[in-house]
Every structure is written in C-alpha cells, then in structure tokens.
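Note sheet for the following structure.
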Amino acid sequence: MIKGNFIDNLPKVYGIYTGGFLGFIIIMSIAEQMGMTAKTIGICFVAFTVAIYAIIGYLSRTAQADAYYVAGRQVPTVFNGMATAADWMSGASFVAMAGGIYFKGYGYMALLVGWTGGYVLVASLLAPYLRKFGCYTVPDFIGTRYGGNLSRFMAVVVLTVASFTYVTAQINATGTIASVALDIPFQYAVYVGLISILLCSMLGGMRGVTWTQVAQYIVLIIAYLLPVFWISNKMGAGFFPHFMLADEVARIGELEQQFGFVKNAAADLKTVPKGLAGITKAHSAVNATPWAFISLALAMMMGTASLPHVMMRYFTTPSVKAARKSVGWSLFFIFLLYSSAPMLATLSKLSLIDPTLSTGIIGKSIAEVQAIDWYQNWNQANLMFVSDFNGNGTLELNEFFMGGKAVVLATPEIAGLPYVISGLVAAGGMAAAMSTADGLILAIANAISHDVYYKIIDPKAETAKRLVVARVLLVVIGFAGATIAALEIQGILGSVIWAFDFAMSGLFFPLVLGVWWKRANREGAIAGMALGLISGAAYLVWVRTGGSGFLGITQLTFGIFGSAVSLVAMVVVSLMTSAPNAATQRMVDEVRVPAGKSILGKQH
Amino acid sequence: MSKQEQHWEKSKGLLMMTLAIWFVFSIGIFLFGAEMNEVTGPFGYPLTYWFTCQGSLGIFVILIFWFANRQEKIDEEFGFSERGDD
C-alpha cells in the first residue's frame, strides 16, 4: 500500500486518518452517554491508537538502507515538520510542561523559550549543511568531516549518553500512561509501552518512524488543544484562550495578593506525599534573576541544536532548501502546543483557586473539599492532597498540594468535561512519549549499527546483514532502556534536561565548527567531544554530591560549562596541530553550497 | 573574490543578522524581564509574560521562514540552488 504514489497522496491519507480519529472520538462520546465505563473508554483510546501506529509501522517495512536510515530522503517539508514536532515533544512536554508553568511560573518559562529558540540555531547553523552532506547519522558527519574512526566513535559515545538519558524518561512515561489506562502494574506496563514503540520502528526504521510520527502528532495536538479550548469556553474565559486570558492572568495575580504565599513549617510539609507541590510562586510576575532565566534558556537552545534524534529528521527531506523550510514548519507545529501550555496552566489554576467560581476550592471547608468526587479520585492516584495545617477548618492556598501531571490530566475532569476527554488525553500522552522514544532509540541503534558496526568493524557487510544488526540493536537498546525505566530512578523532567546538557557539552561545537570553521581538525574535534562530555559530567556529579557550583551554573545547566570547555579545547588543540588537508577543505566548501551532489553517496 | 566566496560572504551576513535577532528575543530582552513586565503587552498580558508564552516563540517561527527565504534568494543569485528535486 505504501508504495509508488504514496508521497503524492499524503494529504489525502492523513486527511482521512484525521477524520477517522475525530469520528472515533465522537463514537466514544456516544458510547459514554450510553453507559460505557471510564476504564473501558481509556483502554479503547490507547489500544485503538497504538494499533493504528503498529499498522503504519508494518506497512512501512523496508529492506533498503536509505529507506531504513533516512526514509528514502523524500519526506515533504510540512510532513517532516509534523514528524519532527512529534519526535521533539516528549511525554514531558505533553504531561509535565503545563504543570511546570503552573508551579514555577517565569523561572520555568525559560524552557519554552529555550526549546523553541534552539530551532533558529538548527535552521541557520546546521540542518541545511548536514543535509547537503548526505549523511545517515550525526556521527556519520563527524566521522567524514574530521576523518578517522576515533572521532566517529567519540560522536557515537556522546550521542548514546545523551539519547539514552532521554529515552529512559520516555519509556517511563509510556509505562505510566499504559499502567493507568490499561490498569496493569507499572513494572509490566513499561514493557507494554516498549513493545508498542518497537512495533513502529522495527520493520521500517526511519521510514516507519516518520509515518507513525506524523500520525502521532495529529493525535497529540488534537488531544492537547481540544480540552484547552473547551475548558476556556466552558469557564467563559474566552472563545480563543491564547488571545483572551489577560483578565484571568490578572485575576490570579489579585488572588495571590489576597491570599499571600504563606510558608509552611517543615514538619507540616513532611506530611505531604512525595512529588506533590503547593502554589508558592507568582503566576505571571518575574520570579527569577535574569541569569537564572537566560542560562537555562541558553542551555536548552544549544542542547536542541545538538540532539541527534532531531537533527537526523532533517536528513530525510528531498533537498537542502526543503530542510531549511522544514525546520520552520517543525517549530510552527511545536508552537501550537507550547503556546497553549501556559493557557492551560492559567485556566487550571484559576478554576481551582478562585472562590467565586463553582470549581474553586480555596476558602471552602476542608471536609467539603474532601467530599468532592474528583478530589477523591486524584487523591487516590496520589496527585492531590489537602491538609488543615492551621486548624481553622478552611482550605488555604498553602494547604493545597498537587502533582505536576495533574494540570494536564485532572483539569478536564475538574472543569466538568466528559470522561471521553480524559481518554483522549491519555492517548495524546502516549503518542507524545512513543514518538520521542522511537526517534531516540532509532538514533542510538542507527549510530551503533551504521557508524560502529558498518563503518568501523565490518565495512564489507551486505545491506541485509546491516539491517539485521540495526534491528537487533533496536530491540536490545529498547529493552535496556525499559529495564532502567522500570527501576524508576529519576523524575521525567530532570533527566530530559540532563540529556540536553550532555548533548551540548559534547556535540554542539564539533558540529557547528565542522561547517563554519575550516581550520577545525580531527585532533581538535576529538578533544572537544571528549573534554566537553567529561567536564560536563564531572560538573554534574560535583553539584549532585554537594558541590557549590560556580557562576550560578546548576545541575540543570551544566552543559554551559561542558560546552565552554569543549569550545576552548577544540580551538586550542586545532590550532596546535596541523590544518586539515586540501580534500577536507574542499569538502567543507562543497557543503556550503546547496547545488551539486551530496558528499556521501545515496547508498553508503 | 570567486563566486563561491561571495556567496559565502553573503550567507555569513545573513547568518549574523539572523543570530542577532535570535539573540534579542531569546536572551537580550530577558535581561530586563522585571522592568518589562510592568508594561502591558499584546492582548493585555504583562509584556515579559507575553514574550515567554507567545511572543518570542512566534518570532522564532517567523524568523526561520524569513531566513530560509533569504538564503534561497542568495543561493539563486549565485546559481547555487538545487534543481529538479524539490
């Protein structure tokens, strides 16, 4: 089915798919009216969408190297934009972002600015040039530009460290959603999530992942936007929330003044379940120092431009021109979700804390709040908690606690939307986490199979054998990630941010200077990657084990230190050793113009 | 200067301009976050808040498309644009 004319028919195929999905939502809401239980609806949503992705994955199976590694380089700009947006927006973006904004306000918004601003760097510094290069993977570029197996291998190491840190968080997220929606223990749900992920990528590699990611983007964006618009209309806050919530934002400020941020005693806070937080920071006021904001934004921007699973999406476009445009489309599709997250946080917060709204709980008696249905549900799920610290029988702002995920997961229910929306949100979260996990696992497996196995160990291997190795690695890496995820070591968001810092520590300057500085040579690049990664990791360990840090660089921004070391090391070592040979210099010149053949052949 | 060098000079100029605009809206304005937030921005939101929710994000989207178009023009001007495979 997916042959020949498929590319020309894309708008039609995905148009029908979107219509079908909307139809499915309507059927589910009718079923809800007819008495289908909430649990069955949840199972239907997750099972139906995952089955569709698996079918797409099966139809995209391939035995061609260029289809497996770069989807045959024929993905049109707009569709590649959607696929990149799904690849990019992880379970963390989907489930935790609105919650982060809700609790931390301005200090957290640095992530929004960073995770979008990074695409300007991708579009202007890297993507078009790497596309012209014609590589299959990011280490493929490093290995060819700088030459030698060691530089290629170092790039694989950095890629693996960064992507693996990231992927455990994503498998964890699929496990969380699968365990809630299917009502099975987390330890098993993680493997259910993993198998769903592998179904998309095993047979078709990049081709399968591309077409499932487009499908996943459509599900996740509908699942995010529909509740935001619905809640906003239901609350009477505005028909188009993005342009109409100024009064609500101002009202939250007013209420913050009225209630005040009362600091809880340490002994009281001990009684609050782990992972829940109260509202302690202003919603729209500036509550962080300029450097705290800027350093976090900068780290995320440079990290964005260094993460291989994003970069490799731009290897799949038909031309250099298309790669540039495609970055713009990617960011546009990301913008749709990111600009909605603060609106959801605003609506969620106001509906809970405004005593004049029927949903508001602050100022009500504790007993009354504890009797509310949704409170009981989410309290049981360990995402909500109230306690009468001051013993006055009334709920105060500082006595109400919530988990970050609850903003996305519970707000529809609090606002009184039908359960079908909660099922939809579960499907959206699953799509977001799966699409990112697929991109990451594929990035690691491709780098090891193409760069380590084929380019270093066995350059004579047949295509069939290479693709078997690639698939075996995919499964092995997936299971390794799932096993670590099942241990539940760190929270979702923390490890996501670390991945950005690792990537920028080791890869940002070797990639950028590879295009923009002809004098950069092999020795410099190896020093830059090795010292950048090591110093970044050392800084993280130091701060985690009680080190004070310097220049306000925290465990969330250690990449700033790592990349600075990487830059200095790369420049100094490059200048101390001999300039790259004439052939390499010519290669850089060719990369800089879009016309002409790519540096590496179509099949390599 | 060869055609290729001229092309690269122009491309570098465009890069610098793009990075300058990027710098202003990702870093520059947030040096004055607290002061700017006193001002009412588009749609009635506090200005800094608006930039973090929509403003900077939207400007980045437009900036990338603008950059892509300008770079295409530069490539065409020097005859370096690709043919037939778009």
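Letters for chains follow the order of the structure tokens (A, B, ...), residue numbers begin at 1 for each chain, and ligand numbers begin at 1 in the order shown.
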
Find the residues of chain A in contact range of chain B, meaning any atom within 8 Å when counting only C-alpha atoms, and list them as a PyMOL selection string. chain A and resi 106+109-110+112-114+116-117+119-121+123-125+243-247+249+284-286+290-291+293-294+297-298+318-322+324-325+327-329+331-332+335+338-339+342+592-596

Taking N, CA and C atoms for each residue, export the selection above as a CSV table (one decimal), in the first residue's frame.
chain,number,residue,atom,x,y,z
A,106,TYR,N,7.5,32.1,35.8
A,106,TYR,CA,8.5,32.6,35.0
A,106,TYR,C,9.8,31.8,34.9
A,109,MET,N,9.4,29.2,32.4
A,109,MET,CA,9.2,29.6,31.1
A,109,MET,C,10.5,29.7,30.2
A,110,ALA,N,11.6,29.7,30.9
A,110,ALA,CA,12.9,29.7,30.2
A,110,ALA,C,13.0,28.4,29.3
A,112,LEU,N,10.5,27.0,27.7
A,112,LEU,CA,9.7,27.3,26.5
A,112,LEU,C,10.5,28.1,25.5
A,113,VAL,N,11.1,29.1,26.0
A,113,VAL,CA,11.9,30.0,25.1
A,113,VAL,C,13.1,29.2,24.6
A,114,GLY,N,13.7,28.4,25.4
A,114,GLY,CA,14.9,27.6,25.0
A,114,GLY,C,14.5,26.5,24.0
A,116,THR,N,12.2,26.4,21.9
A,116,THR,CA,11.8,26.9,20.6
A,116,THR,C,13.0,27.7,19.9
A,117,GLY,N,13.7,28.5,20.7
A,117,GLY,CA,14.8,29.3,20.2
A,117,GLY,C,15.9,28.5,19.6
A,119,TYR,N,15.6,26.1,17.7
A,119,TYR,CA,15.4,25.8,16.2
A,119,TYR,C,16.0,26.8,15.3
A,120,VAL,N,16.1,28.1,15.8
A,120,VAL,CA,16.8,29.1,15.0
A,120,VAL,C,18.2,28.6,14.7
A,121,LEU,N,18.9,28.1,15.7
A,121,LEU,CA,20.2,27.6,15.6
A,121,LEU,C,20.3,26.4,14.6
A,123,ALA,N,18.2,25.7,12.2
A,123,ALA,CA,17.9,26.1,10.8
A,123,ALA,C,19.1,26.9,10.2
A,124,SER,N,19.8,27.8,11.0
A,124,SER,CA,20.8,28.6,10.4
A,124,SER,C,22.2,28.1,10.5
A,125,LEU,N,22.5,27.3,11.5
A,125,LEU,CA,23.9,26.8,11.7
A,125,LEU,C,24.1,25.4,11.1
A,243,PHE,N,-5.6,34.5,23.1
A,243,PHE,CA,-5.7,36.0,22.9
A,243,PHE,C,-6.6,36.6,24.0
A,244,MET,N,-7.2,35.8,24.9
A,244,MET,CA,-8.3,36.3,25.7
A,244,MET,C,-8.2,36.1,27.2
A,245,LEU,N,-7.0,35.6,27.6
A,245,LEU,CA,-6.9,35.3,29.0
A,245,LEU,C,-6.3,36.4,29.9
A,246,ALA,N,-6.1,37.6,29.4
A,246,ALA,CA,-5.4,38.6,30.1
A,246,ALA,C,-6.2,38.9,31.5
A,247,ASP,N,-7.5,38.9,31.4
A,247,ASP,CA,-8.2,39.2,32.7
A,247,ASP,C,-8.0,38.0,33.7
A,249,VAL,N,-5.3,36.1,33.9
A,249,VAL,CA,-4.0,36.2,34.4
A,249,VAL,C,-3.9,37.3,35.5
A,284,SER,N,2.4,35.2,36.9
A,284,SER,CA,2.9,36.0,35.7
A,284,SER,C,3.9,37.0,36.0
A,285,ALA,N,4.3,37.1,37.3
A,285,ALA,CA,5.3,38.1,37.7
A,285,ALA,C,6.7,37.4,37.4
A,286,VAL,N,7.7,38.3,37.3
A,286,VAL,CA,9.1,37.8,37.1
A,286,VAL,C,9.6,37.3,38.4
A,290,PRO,N,17.7,37.5,36.0
A,290,PRO,CA,18.0,37.4,34.6
A,290,PRO,C,18.9,36.2,34.3
A,291,TRP,N,19.9,36.0,35.0
A,291,TRP,CA,20.9,35.0,34.7
A,291,TRP,C,20.3,33.6,34.8
A,293,PHE,N,17.3,32.7,34.3
A,293,PHE,CA,16.4,32.5,33.2
A,293,PHE,C,17.3,32.3,31.9
A,294,ILE,N,18.2,33.2,31.7
A,294,ILE,CA,18.9,33.2,30.4
A,294,ILE,C,19.8,32.0,30.4
A,297,ALA,N,17.7,29.0,29.4
A,297,ALA,CA,17.2,29.1,28.1
A,297,ALA,C,18.4,28.8,27.1
A,298,LEU,N,19.5,29.4,27.4
A,298,LEU,CA,20.7,29.2,26.5
A,298,LEU,C,21.1,27.7,26.5
A,318,PRO,N,13.8,16.0,0.8
A,318,PRO,CA,14.3,15.8,-0.6
A,318,PRO,C,15.5,16.7,-0.9
A,319,SER,N,15.6,17.9,-0.3
A,319,SER,CA,16.7,18.8,-0.7
A,319,SER,C,17.1,19.7,0.4
A,320,VAL,N,18.2,20.5,0.2
A,320,VAL,CA,18.7,21.4,1.2
A,320,VAL,C,17.7,22.5,1.5
A,321,LYS,N,17.1,23.0,0.5
A,321,LYS,CA,16.1,24.0,0.6
A,321,LYS,C,14.9,23.5,1.4
A,322,ALA,N,14.5,22.3,1.2
A,322,ALA,CA,13.4,21.7,1.9
A,322,ALA,C,13.8,21.5,3.4
A,324,ARG,N,15.7,23.5,5.2
A,324,ARG,CA,15.5,24.7,5.9
A,324,ARG,C,14.1,25.1,6.2
A,325,LYS,N,13.2,24.9,5.2
A,325,LYS,CA,11.8,25.2,5.4
A,325,LYS,C,11.2,24.3,6.4
A,327,VAL,N,12.5,23.1,9.0
A,327,VAL,CA,12.7,23.5,10.4
A,327,VAL,C,11.7,24.5,10.8
A,328,GLY,N,11.3,25.4,9.9
A,328,GLY,CA,10.3,26.4,10.2
A,328,GLY,C,9.0,25.7,10.5
A,329,TRP,N,8.6,24.7,9.7
A,329,TRP,CA,7.3,24.0,9.9
A,329,TRP,C,7.4,23.3,11.2
A,331,LEU,N,8.9,24.0,13.9
A,331,LEU,CA,8.7,25.0,15.0
A,331,LEU,C,7.3,25.5,15.1
A,332,PHE,N,6.7,25.7,13.9
A,332,PHE,CA,5.3,26.1,13.9
A,332,PHE,C,4.4,25.1,14.6
A,335,PHE,N,5.0,25.2,18.2
A,335,PHE,CA,4.5,26.4,18.7
A,335,PHE,C,3.0,26.2,19.1
A,338,TYR,N,3.1,24.5,22.5
A,338,TYR,CA,3.8,25.2,23.6
A,338,TYR,C,3.1,26.5,23.9
A,339,SER,N,2.5,27.2,23.0
A,339,SER,CA,1.8,28.4,23.3
A,339,SER,C,0.5,28.1,24.0
A,342,PRO,N,0.8,27.4,28.6
A,342,PRO,CA,0.6,28.5,29.6
A,342,PRO,C,-0.9,28.8,29.8
A,592,ARG,N,28.9,24.0,1.8
A,592,ARG,CA,28.4,25.3,2.0
A,592,ARG,C,27.5,25.8,0.8
A,593,VAL,N,27.5,25.1,-0.3
A,593,VAL,CA,26.6,25.4,-1.4
A,593,VAL,C,25.5,24.3,-1.6
A,594,PRO,N,24.3,24.7,-1.7
A,594,PRO,CA,23.2,23.7,-1.8
A,594,PRO,C,23.3,22.9,-3.1
A,595,ALA,N,23.8,23.5,-4.2
A,595,ALA,CA,23.8,22.8,-5.5
A,595,ALA,C,24.8,21.7,-5.5
A,596,GLY,N,24.7,20.7,-6.5
A,596,GLY,CA,25.6,19.7,-6.7
A,596,GLY,C,25.3,18.4,-5.9

Do you know which residues are at most 8 Å from region 440-457 of chain A counting only C-alpha atoms, after dropping those on the same chain fewer than 3 positions away, and could you put them as JSON, numbers by chain? {"A": [69, 136, 137, 138, 139, 140, 149, 152, 153, 156, 159, 160, 163, 164, 166, 167, 201, 205, 206, 308, 309, 312, 436, 437, 460, 461, 466, 469, 470, 471, 473, 474, 477, 478]}

Can I get the selection written as a CSV table (one decimal), in the first residue's frame, with N, CA and C atoms?
chain,number,residue,atom,x,y,z
A,69,TYR,N,17.4,4.1,6.9
A,69,TYR,CA,18.2,5.2,7.7
A,69,TYR,C,17.6,6.6,7.5
A,136,TYR,N,23.9,9.6,7.0
A,136,TYR,CA,22.8,8.8,7.5
A,136,TYR,C,22.5,9.2,9.0
A,137,THR,N,23.6,9.5,9.7
A,137,THR,CA,23.5,9.7,11.2
A,137,THR,C,24.4,10.9,11.5
A,138,VAL,N,24.3,11.5,12.7
A,138,VAL,CA,25.1,12.6,13.1
A,138,VAL,C,26.6,12.2,13.2
A,139,PRO,N,26.9,11.0,13.8
A,139,PRO,CA,28.4,10.6,13.8
A,139,PRO,C,28.9,10.4,12.4
A,140,ASP,N,28.1,10.1,11.5
A,140,ASP,CA,28.5,10.0,10.1
A,140,ASP,C,29.1,11.3,9.6
A,149,ASN,N,38.5,6.8,12.7
A,149,ASN,CA,37.5,6.1,13.5
A,149,ASN,C,37.3,6.6,14.9
A,152,ARG,N,34.7,9.5,14.9
A,152,ARG,CA,33.4,8.9,14.7
A,152,ARG,C,32.9,8.2,16.0
A,153,PHE,N,33.8,7.4,16.6
A,153,PHE,CA,33.4,6.7,17.8
A,153,PHE,C,33.0,7.6,18.9
A,156,VAL,N,29.6,8.8,18.6
A,156,VAL,CA,28.6,7.8,18.9
A,156,VAL,C,28.5,7.8,20.5
A,159,LEU,N,26.5,10.8,21.6
A,159,LEU,CA,25.1,10.6,21.2
A,159,LEU,C,24.4,9.6,22.1
A,160,THR,N,25.1,8.5,22.4
A,160,THR,CA,24.5,7.4,23.2
A,160,THR,C,24.2,7.9,24.6
A,163,SER,N,21.2,10.5,24.4
A,163,SER,CA,19.9,10.0,24.0
A,163,SER,C,19.4,8.9,24.9
A,164,PHE,N,20.4,8.2,25.5
A,164,PHE,CA,19.9,7.1,26.5
A,164,PHE,C,19.3,7.7,27.7
A,166,TYR,N,17.8,10.4,27.9
A,166,TYR,CA,16.5,10.9,27.4
A,166,TYR,C,15.5,9.8,27.3
A,167,VAL,N,15.9,8.7,26.7
A,167,VAL,CA,14.9,7.6,26.3
A,167,VAL,C,14.3,6.9,27.6
A,201,SER,N,9.0,1.0,14.8
A,201,SER,CA,10.3,1.3,14.2
A,201,SER,C,11.0,0.0,13.7
A,205,GLY,N,12.3,1.1,10.1
A,205,GLY,CA,13.4,2.1,10.5
A,205,GLY,C,12.9,3.5,10.5
A,206,MET,N,13.7,4.4,9.9
A,206,MET,CA,13.3,5.8,9.8
A,206,MET,C,12.0,6.0,9.0
A,308,PRO,N,20.9,14.5,18.4
A,308,PRO,CA,20.9,13.8,17.1
A,308,PRO,C,19.6,13.3,16.6
A,309,HIS,N,18.6,13.0,17.6
A,309,HIS,CA,17.4,12.5,17.1
A,309,HIS,C,16.5,13.6,16.4
A,312,MET,N,18.6,14.3,12.8
A,312,MET,CA,18.5,13.3,11.7
A,312,MET,C,17.2,13.4,11.0
A,436,THR,N,8.7,10.2,20.7
A,436,THR,CA,10.0,10.7,21.1
A,436,THR,C,10.9,9.4,21.3
A,437,ALA,N,10.4,8.5,22.0
A,437,ALA,CA,11.1,7.3,22.3
A,437,ALA,C,11.6,6.6,21.1
A,460,LYS,N,32.6,-4.3,4.9
A,460,LYS,CA,32.1,-5.1,3.7
A,460,LYS,C,30.8,-5.7,3.9
A,461,ALA,N,30.1,-5.5,5.0
A,461,ALA,CA,28.8,-6.1,5.3
A,461,ALA,C,27.8,-5.8,4.2
A,466,ARG,N,23.5,-5.6,7.5
A,466,ARG,CA,23.5,-4.4,8.2
A,466,ARG,C,22.1,-4.1,8.9
A,469,VAL,N,21.5,-6.3,11.9
A,469,VAL,CA,22.2,-5.7,13.0
A,469,VAL,C,21.5,-4.5,13.6
A,470,ALA,N,21.0,-3.6,12.7
A,470,ALA,CA,20.3,-2.4,13.2
A,470,ALA,C,19.1,-2.8,14.0
A,471,ARG,N,18.4,-3.8,13.5
A,471,ARG,CA,17.1,-4.2,14.2
A,471,ARG,C,17.4,-4.9,15.5
A,473,LEU,N,19.9,-4.3,17.4
A,473,LEU,CA,20.3,-3.3,18.3
A,473,LEU,C,19.1,-2.5,18.8
A,474,LEU,N,18.2,-2.2,17.9
A,474,LEU,CA,17.0,-1.5,18.3
A,474,LEU,C,16.3,-2.2,19.5
A,477,ILE,N,18.6,-2.1,22.7
A,477,ILE,CA,18.6,-0.8,23.4
A,477,ILE,C,17.3,-0.5,24.0
A,478,GLY,N,16.2,-0.8,23.3
A,478,GLY,CA,14.9,-0.6,23.9
A,478,GLY,C,14.7,-1.4,25.2

With distances taken over only C-alpha atoms, which of A:Gly147, A:Pro11, A:Pro510, A:Gly404 is nearest to Pro76 (chain A)? A:Pro11

All alpha helix (DSSP H) positions in region 167-301 of chain A, as JSON, numbers by chain: {"A": [167, 168, 169, 170, 171, 172, 173, 174, 175, 176, 177, 178, 179, 180, 181, 182, 186, 187, 188, 189, 190, 191, 192, 193, 194, 195, 196, 197, 198, 199, 200, 201, 205, 206, 207, 208, 209, 210, 211, 212, 213, 214, 215, 216, 217, 218, 219, 220, 221, 222, 223, 224, 225, 226, 227, 228, 229, 230, 231, 232, 233, 234, 241, 242, 243, 244, 246, 247, 248, 249, 250, 251, 252, 253, 254, 255, 256, 257, 258, 259, 266, 267, 268, 269, 270, 290, 291, 292, 293, 294, 295, 296, 297, 298, 299, 300, 301]}

Hey, what's within 10 Å of region 518-524 of chain A if we count only C-alpha atoms and toss same-chain stuff fewer than 3 positions away? As a PyMOL selection string, please? chain A and resi 142-143+145-148+150-152+510+513-515+527-530+566-581+584-589

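For region 277-280 of chain A, the non-local neighbours within 6 Å, defined as residues at least 2 positions apart in the same chain or in other chains and counting only C-alpha atoms, are A:Phe103, A:Phe261, A:Phe400, A:Phe401, A:Met402.
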
note - CA of Val161 (chain A) and CA of Thr84 (chain A) are separated by 21.1 Å

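Residues within 8 Å of Asp438 (chain A), counting only C-alpha atoms and excluding same-chain residues fewer than 3 positions away, are Asp87, Ile197, Leu198, Cys200, Ser201, Val209, Met434, Ser435, Ile441 and Leu442 of chain A.
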
Residues near Tyr191 (chain A), cut-off 10 Å, only C-alpha atoms, skip fewer than 5 positions along chain, as an mmCIF file with N, CA and C atoms, in the first residue's frame:
data_model
loop_
_atom_site.group_PDB
_atom_site.id
_atom_site.type_symbol
_atom_site.label_atom_id
_atom_site.label_comp_id
_atom_site.auth_asym_id
_atom_site.auth_seq_id
_atom_site.Cartn_x
_atom_site.Cartn_y
_atom_site.Cartn_z
ATOM 1 N N ILE A 171 10.343 6.065 27.995
ATOM 2 C CA ILE A 171 9.767 4.740 28.213
ATOM 3 C C ILE A 171 9.021 4.740 29.549
ATOM 4 N N ASN A 172 9.598 5.421 30.533
ATOM 5 C CA ASN A 172 8.931 5.599 31.816
ATOM 6 C C ASN A 172 7.546 6.224 31.615
ATOM 7 N N THR A 174 5.636 6.268 28.833
ATOM 8 C CA THR A 174 4.690 5.349 28.183
ATOM 9 C C THR A 174 4.191 4.335 29.205
ATOM 10 N N GLY A 175 5.102 3.888 30.084
ATOM 11 C CA GLY A 175 4.722 2.925 31.111
ATOM 12 C C GLY A 175 3.681 3.497 32.060
ATOM 13 N N ALA A 178 0.366 3.725 30.131
ATOM 14 C CA ALA A 178 -0.192 2.391 29.888
ATOM 15 C C ALA A 178 -0.690 1.769 31.188
ATOM 16 N N PHE A 186 2.956 -1.002 36.989
ATOM 17 C CA PHE A 186 3.935 -0.225 36.218
ATOM 18 C C PHE A 186 5.054 -1.090 35.652
ATOM 19 N N SER A 196 4.999 -1.455 22.074
ATOM 20 C CA SER A 196 4.304 -0.517 21.185
ATOM 21 C C SER A 196 5.310 0.327 20.423
ATOM 22 N N ILE A 197 6.335 0.779 21.128
ATOM 23 C CA ILE A 197 7.349 1.626 20.498
ATOM 24 C C ILE A 197 8.080 0.860 19.393
ATOM 25 N N GLY A 478 16.190 -0.832 23.300
ATOM 26 C CA GLY A 478 14.862 -0.635 23.873
ATOM 27 C C GLY A 478 14.703 -1.360 25.198
ATOM 28 N N PHE A 479 15.127 -2.618 25.236
ATOM 29 C CA PHE A 479 14.976 -3.382 26.477
ATOM 30 C C PHE A 479 15.869 -2.838 27.587
ATOM 31 N N ALA A 482 14.067 0.148 28.905
ATOM 32 C CA ALA A 482 12.884 -0.222 29.680
ATOM 33 C C ALA A 482 13.274 -0.781 31.039
ATOM 34 N N THR A 483 14.354 -1.549 31.065
ATOM 35 C CA THR A 483 14.791 -2.124 32.337
ATOM 36 C C THR A 483 15.186 -1.030 33.320
ATOM 37 N N ALA A 485 14.147 2.097 33.106
ATOM 38 C CA ALA A 485 12.929 2.855 33.410
ATOM 39 C C ALA A 485 12.125 2.167 34.505
ATOM 40 N N ALA A 486 12.107 0.817 34.477
ATOM 41 C CA ALA A 486 11.331 0.070 35.466
ATOM 42 C C ALA A 486 11.872 0.268 36.878
#

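Counting only C-alpha atoms, the residue from A:Met343, A:Leu255, A:Phe558, A:Ser90 that sits nearest to Val496 (chain A) is A:Ser90.
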